[in-house]
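S.K.: Just dropping this structure here.
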Amino acid sequence: MRNRFLSLIFFLVALSTLPFRLVRAQGKAAVAPMHFHHVHLNSVDPKSAAEYYLNPFPLSTTKTTFNGYEAVKTGNVYLLFTKVDTPPLTELNGPQSSVWHFGWNTPDSRKYDEEFRAKGLKIAQMWDAADGKLVDMSSDTLPGLPTQEQILEMRAKGVQPSREGGFGYLRGPDDAMIENAQSGKVERFNHVHMYHEHPLCAIQWYVAHLGATNPQGSGGVPVSPNTGNCKQLYGPPTWPSFFKFPGFVREPSGSVLFDDINILIRPWPGGGLVSPRGHIVDHWALSVSDLDSTVARLKSEGIKFLEEIHSWGNTRAAMIEGPDRVAIEIVEVK
């Protein structure tokens, strides 16, 4: 009887302390709101590079300066340009970094493409199939982002491209890749497109450490920051693609949001992505209202710092390294 009584006492004591122990177990510091701030590019001629963006996207861009940098303001986001003496690395002249491209949503992407050509802008064309031809827009290819086998089947059935909407790309200053994708009713800068070896793992990282919202996994399935199912098999190559062969592996994929800016993610099978530092897109940046507390939290979570807190113009900044060596600057904006 005495042993049963003692067991009951121990159980009641344990039960009474459970909320405290759960709080301690879940006591990770809350992630303060982070807002998308800028994309930082390297350029041999920052002034003319900044002026370029007013040409293809005149309704959403303004030439300005920010913290001493040549800049473009687009919505609440900046493109900043650092002067370099030699052309920055891109996927055309060096290894692939984790940053693929950035881009705009446009209300009529094919009309924009026609205007780009009329203005003499350089189009980055895509292959429509492994045995096909170069095209400007995804809507010039067979629908549904098909595999080569599916392309052959659709051809046999007489399926034709829709030639409505879709996405295409520009080659901007210093060979920057810039997307033009139809969505919505207004022209607006809306995304940075990333490569990550395991996209769903990267999504979990952005959510857990940076407070990103709207996590999406392959097929639009939400991915929990706490699950271990993030490494999934890669899908087969599909088209359109910048590689005539073997095509482009698009799945698993997903995205996260900072405000209304998407960080879109496609897979880079096999890994080996290099740091973007010194590349055309050197890094991208988020802003916080209290840099000290954010840095302290990130350090407590084991995040690697590329740059400690330092003065940056009339404010302060630090820089971290994320999945696949992506460089992300954290800027203090009171």
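FYI, nothing fancy with the structure tokens labels: chains A, B, ... in order, residues from 1 per chain, ligands from 1 as they appear.
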Counting only C-alpha atoms, what is within 12 Å of Asp260 in chain A, bar same-chain residues fewer than 3 positions away, as a count of residues only?
M.R.: 20
S.K.: For the alpha helix (DSSP H) assignment from backbone DSSP, which residues of range 25-156 of chain A qualify? Please present them as a ChimeraX atom specification.
M.R.: /A:25,46-52,109-118,148-156
S.K.: Need the shell around Ala285 in chain A: protein/DNA/RNA residues with any atom at most 7 Å away, counting only C-alpha atoms. Skip same-chain ones fewer than 3 positions apart. Format as a list in words?
M.R.: Phe36, His37, His38, Val39, Ile328, Glu329, Ile330 and Val331 of chain A
S.K.: Per residue of range 249-329 of chain A within 12 Å of range 59-71 of chain A, which atom pair is closest and at what distance in Å (one decimal), using only C-alpha atoms, listed by chain and increasing number, as a tab-separated table?
M.R.:
residue	atom	partner	partner_atom	distance
A:Ser311	CA	A:Asn67	CA	10.9
A:Trp312	CA	A:Asn67	CA	7.4
A:Gly313	CA	A:Asn67	CA	5.0
A:Asn314	CA	A:Asn67	CA	6.9
A:Thr315	CA	A:Asn67	CA	8.7
A:Arg316	CA	A:Asn67	CA	10.9
A:Ala317	CA	A:Asn67	CA	11.9
S.K.: Step one, run DSSP on the backbone; step two, keep only residues of range 40-87 of chain A assigned to strand (DSSP E or B); then write them as an MDAnalysis selection string.
M.R.: chainID A and resid 40:43 62:66 69:74 77:83
S.K.: Quick one: pull the distance between CA of Tyr195 in chain A and CA of Leu121 in chain A, Å, one decimal.
M.R.: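 Between CA of Tyr195 in chain A and CA of Leu121 in chain A the gap works out to 25.8 Å.
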S.K.: Measuring atom to atom with only C-alpha atoms, identify which of A:Pro252, A:Pro87, A:Pro240, A:Gly247 is nearest to Asp175 in chain A.
M.R.: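 Going through A:Pro252, A:Pro87, A:Pro240, A:Gly247 one by one, the smallest distance to Asp175 in chain A is for A:Pro87.
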S.K.: Mind checking which residues fall within 12 Å of Leu41 in chain A, counting only C-alpha atoms, ignoring those fewer than 6 positions away in the same chain, and posting them as an MDAnalysis selection string?
M.R.: chainID A and resid 47 49:50 69:72 78:84 87:90 99 101:102 172:177 276:285
S.K.: For C-alpha atoms, I'd like the residues from the last selection saved as a PDB file, in the first residue's frame.
M.R.:
ATOM      1  CA  LYS A  47      24.527  52.973 -63.049  1.00  0.00           C
ATOM      2  CA  ALA A  49      22.630  48.231 -64.905  1.00  0.00           C
ATOM      3  CA  ALA A  50      20.123  49.972 -62.637  1.00  0.00           C
ATOM      4  CA  TYR A  69      24.507  52.154 -53.902  1.00  0.00           C
ATOM      5  CA  GLU A  70      22.964  52.620 -57.326  1.00  0.00           C
ATOM      6  CA  ALA A  71      19.505  51.172 -56.875  1.00  0.00           C
ATOM      7  CA  VAL A  72      16.113  50.362 -58.346  1.00  0.00           C
ATOM      8  CA  TYR A  78      15.289  47.324 -53.771  1.00  0.00           C
ATOM      9  CA  LEU A  79      17.738  46.038 -56.330  1.00  0.00           C
ATOM     10  CA  LEU A  80      21.176  47.238 -55.214  1.00  0.00           C
ATOM     11  CA  PHE A  81      24.306  47.227 -57.360  1.00  0.00           C
ATOM     12  CA  THR A  82      27.955  46.934 -56.287  1.00  0.00           C
ATOM     13  CA  LYS A  83      30.722  47.953 -58.649  1.00  0.00           C
ATOM     14  CA  VAL A  84      33.105  45.137 -59.627  1.00  0.00           C
ATOM     15  CA  PRO A  87      32.208  40.506 -64.996  1.00  0.00           C
ATOM     16  CA  PRO A  88      30.532  38.639 -62.121  1.00  0.00           C
ATOM     17  CA  LEU A  89      30.121  34.897 -62.253  1.00  0.00           C
ATOM     18  CA  THR A  90      26.900  33.440 -63.660  1.00  0.00           C
ATOM     19  CA  VAL A  99      20.399  31.667 -56.475  1.00  0.00           C
ATOM     20  CA  HIS A 101      17.200  34.144 -60.952  1.00  0.00           C
ATOM     21  CA  PHE A 102      14.668  36.765 -59.855  1.00  0.00           C
ATOM     22  CA  GLY A 172      19.947  41.597 -68.430  1.00  0.00           C
ATOM     23  CA  PRO A 173      23.117  43.521 -67.601  1.00  0.00           C
ATOM     24  CA  ASP A 174      26.055  41.304 -66.625  1.00  0.00           C
ATOM     25  CA  ASP A 175      23.989  38.340 -67.905  1.00  0.00           C
ATOM     26  CA  ALA A 176      21.482  38.517 -65.073  1.00  0.00           C
ATOM     27  CA  MET A 177      18.557  36.160 -65.632  1.00  0.00           C
ATOM     28  CA  PRO A 276      26.536  33.228 -54.502  1.00  0.00           C
ATOM     29  CA  ARG A 277      29.114  35.696 -53.143  1.00  0.00           C
ATOM     30  CA  GLY A 278      30.861  37.235 -56.145  1.00  0.00           C
ATOM     31  CA  HIS A 279      28.181  35.999 -58.545  1.00  0.00           C
ATOM     32  CA  ILE A 280      25.710  38.190 -60.445  1.00  0.00           C
ATOM     33  CA  VAL A 281      23.265  37.885 -57.516  1.00  0.00           C
ATOM     34  CA  ASP A 282      25.616  38.192 -54.568  1.00  0.00           C
ATOM     35  CA  HIS A 283      22.920  37.715 -51.908  1.00  0.00           C
ATOM     36  CA  TRP A 284      19.415  38.717 -50.952  1.00  0.00           C
ATOM     37  CA  ALA A 285      18.313  40.442 -47.778  1.00  0.00           C
TER      38      ALA A 285
END
S.K.: Excluding Lys119 in chain A and its own-chain neighbours fewer than 3 positions away, which residues fall within 9 Å of it when counting only C-alpha atoms? Please give them as a list of chain:residue names.
M.R.: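 With the cut-off at 9 Å, the set is A:Asn55, A:Pro56, A:Glu114, A:Glu115, A:Phe116.
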S.K.: Based on the selection just made, write C-alpha atoms of those residues as a compact mmCIF listing (two decimals), in the first residue's frame.
M.R.:
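What ended up in out.txt:
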# COMPACT_ATOMS: atom_id res chain seq x y z
CA ASN A 55 13.06 49.58 -69.71
CA PRO A 56 11.37 46.14 -69.48
CA GLU A 114 6.88 41.13 -77.84
CA GLU A 115 7.74 44.51 -76.33
CA PHE A 116 11.10 43.18 -75.13
S.K.: Find, counting only C-alpha atoms, the residue in A:Pro323, A:Leu152, A:Leu92, A:Ser253 that gets nearest to Gly271 in chain A.
M.R.: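 With only C-alpha atoms as the atom set, the closest residue is A:Pro323.
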S.K.: Nearest to Glu179 in chain A: which of A:Leu286, A:Leu200, A:Ala124, A:Ala30 is it, counting only C-alpha atoms?
M.R.: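 Of A:Leu286, A:Leu200, A:Ala124, A:Ala30, the one nearest Glu179 in chain A, counting only C-alpha atoms, is A:Ala124.
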S.K.: Which of these, A:Thr74, A:Ser109, A:Gln148, A:Thr294, has the shortest distance to Leu210 in chain A once you count only C-alpha atoms?
M.R.: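 Ranked by minimum distance to Leu210 in chain A, first place goes to A:Thr294.
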S.K.: Nearest to Gln204 in chain A among A:Thr147, A:Ile265, A:Phe243, A:Val159, with distances taken over only C-alpha atoms: which residue is it?
M.R.: A:Ile265
S.K.: Hey, which of A:Asp85, A:Gly144, A:Gly103, A:Lys73 ends up closest to Ser43 in chain A? Count only C-alpha atoms.
M.R.: A:Asp85
S.K.: Using only C-alpha atoms, which residues sit within 10 Å of His198 in chain A once same-chain residues fewer than 4 positions away are excluded, as a short mmCIF file (atom, residue, chain, number, x, y, z; two decimals) with N, CA, C and O atoms, in the first residue's frame?
M.R.:
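Dumped to result09.cif:
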data_model
loop_
_atom_site.label_atom_id
_atom_site.label_comp_id
_atom_site.auth_asym_id
_atom_site.auth_seq_id
_atom_site.Cartn_x
_atom_site.Cartn_y
_atom_site.Cartn_z
N ALA A 202 14.87 22.73 -47.37
CA ALA A 202 15.14 24.17 -47.36
C ALA A 202 13.91 24.95 -46.88
O ALA A 202 14.03 25.91 -46.11
N ILE A 203 12.73 24.52 -47.32
CA ILE A 203 11.49 25.17 -46.86
C ILE A 203 11.40 25.10 -45.34
O ILE A 203 11.10 26.09 -44.67
N CYS A 230 11.60 15.43 -45.49
CA CYS A 230 11.87 16.47 -46.48
C CYS A 230 12.73 16.00 -47.65
O CYS A 230 12.79 16.68 -48.67
N LYS A 231 13.41 14.88 -47.52
CA LYS A 231 14.24 14.39 -48.63
C LYS A 231 13.40 13.42 -49.46
O LYS A 231 13.14 12.30 -49.05
N GLN A 232 12.99 13.89 -50.64
CA GLN A 232 12.13 13.09 -51.49
C GLN A 232 12.82 12.80 -52.82
O GLN A 232 13.76 13.48 -53.21
N LEU A 233 12.33 11.77 -53.49
CA LEU A 233 12.89 11.40 -54.78
C LEU A 233 12.66 12.51 -55.80
O LEU A 233 11.63 13.19 -55.77
N TYR A 234 13.61 12.67 -56.70
CA TYR A 234 13.48 13.67 -57.75
C TYR A 234 12.56 13.17 -58.86
O TYR A 234 12.53 11.98 -59.16
N GLU A 251 10.83 18.69 -59.80
CA GLU A 251 10.20 18.22 -58.56
C GLU A 251 11.17 17.37 -57.75
O GLU A 251 12.01 16.68 -58.32
N PRO A 252 11.05 17.46 -56.40
CA PRO A 252 10.09 18.21 -55.62
C PRO A 252 10.40 19.70 -55.62
O PRO A 252 11.55 20.11 -55.79
N SER A 253 9.39 20.51 -55.44
CA SER A 253 9.56 21.96 -55.45
C SER A 253 8.65 22.58 -54.41
O SER A 253 7.85 21.89 -53.78
N ILE A 265 11.52 27.58 -55.07
CA ILE A 265 12.62 26.62 -54.94
C ILE A 265 12.42 25.46 -55.90
O ILE A 265 11.37 24.82 -55.92
N ARG A 266 13.45 25.19 -56.69
CA ARG A 266 13.52 24.00 -57.53
C ARG A 266 14.70 23.14 -57.07
O ARG A 266 15.64 23.64 -56.47
N PRO A 267 14.68 21.85 -57.38
CA PRO A 267 15.75 20.98 -56.91
C PRO A 267 17.03 21.10 -57.74
O PRO A 267 16.99 21.40 -58.93
N TRP A 268 18.15 20.86 -57.07
CA TRP A 268 19.45 20.73 -57.73
C TRP A 268 19.99 19.36 -57.34
O TRP A 268 20.72 19.22 -56.34
N PRO A 269 19.62 18.32 -58.08
CA PRO A 269 19.98 16.96 -57.68
C PRO A 269 21.49 16.78 -57.54
O PRO A 269 22.27 17.21 -58.38
N GLY A 270 21.87 16.15 -56.44
CA GLY A 270 23.28 15.84 -56.24
C GLY A 270 24.06 16.87 -55.48
O GLY A 270 25.20 16.63 -55.07
N GLY A 271 23.50 18.05 -55.26
CA GLY A 271 24.17 19.08 -54.48
C GLY A 271 25.35 19.71 -55.21
O GLY A 271 25.44 19.68 -56.43
N PRO A 323 20.80 27.05 -46.33
CA PRO A 323 20.99 25.79 -47.05
C PRO A 323 21.70 26.00 -48.38
O PRO A 323 21.48 26.99 -49.08
N ASP A 324 22.57 25.04 -48.71
CA ASP A 324 23.28 25.07 -50.00
C ASP A 324 24.06 26.37 -50.18
O ASP A 324 24.19 26.88 -51.29
#
S.K.: So the first atom is CA of Asp259 in chain A and the second is CA of Ser289 in chain A; what is the distance between them in Å, to one decimal place?
M.R.: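 Interatomic distance here is 14.8 Å.
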S.K.: Just how far from CA of Val207 in chain A is CA of Phe248 in chain A, in Å to one decimal?
M.R.: 26.3 Å
S.K.: Need the shell around Val186 in chain A: protein/DNA/RNA residues with any atom at most 7 Å away, counting only C-alpha atoms. Skip same-chain ones fewer than 2 positions apart. Format as number ranges by chain?
M.R.: A: 106-107, 184, 188
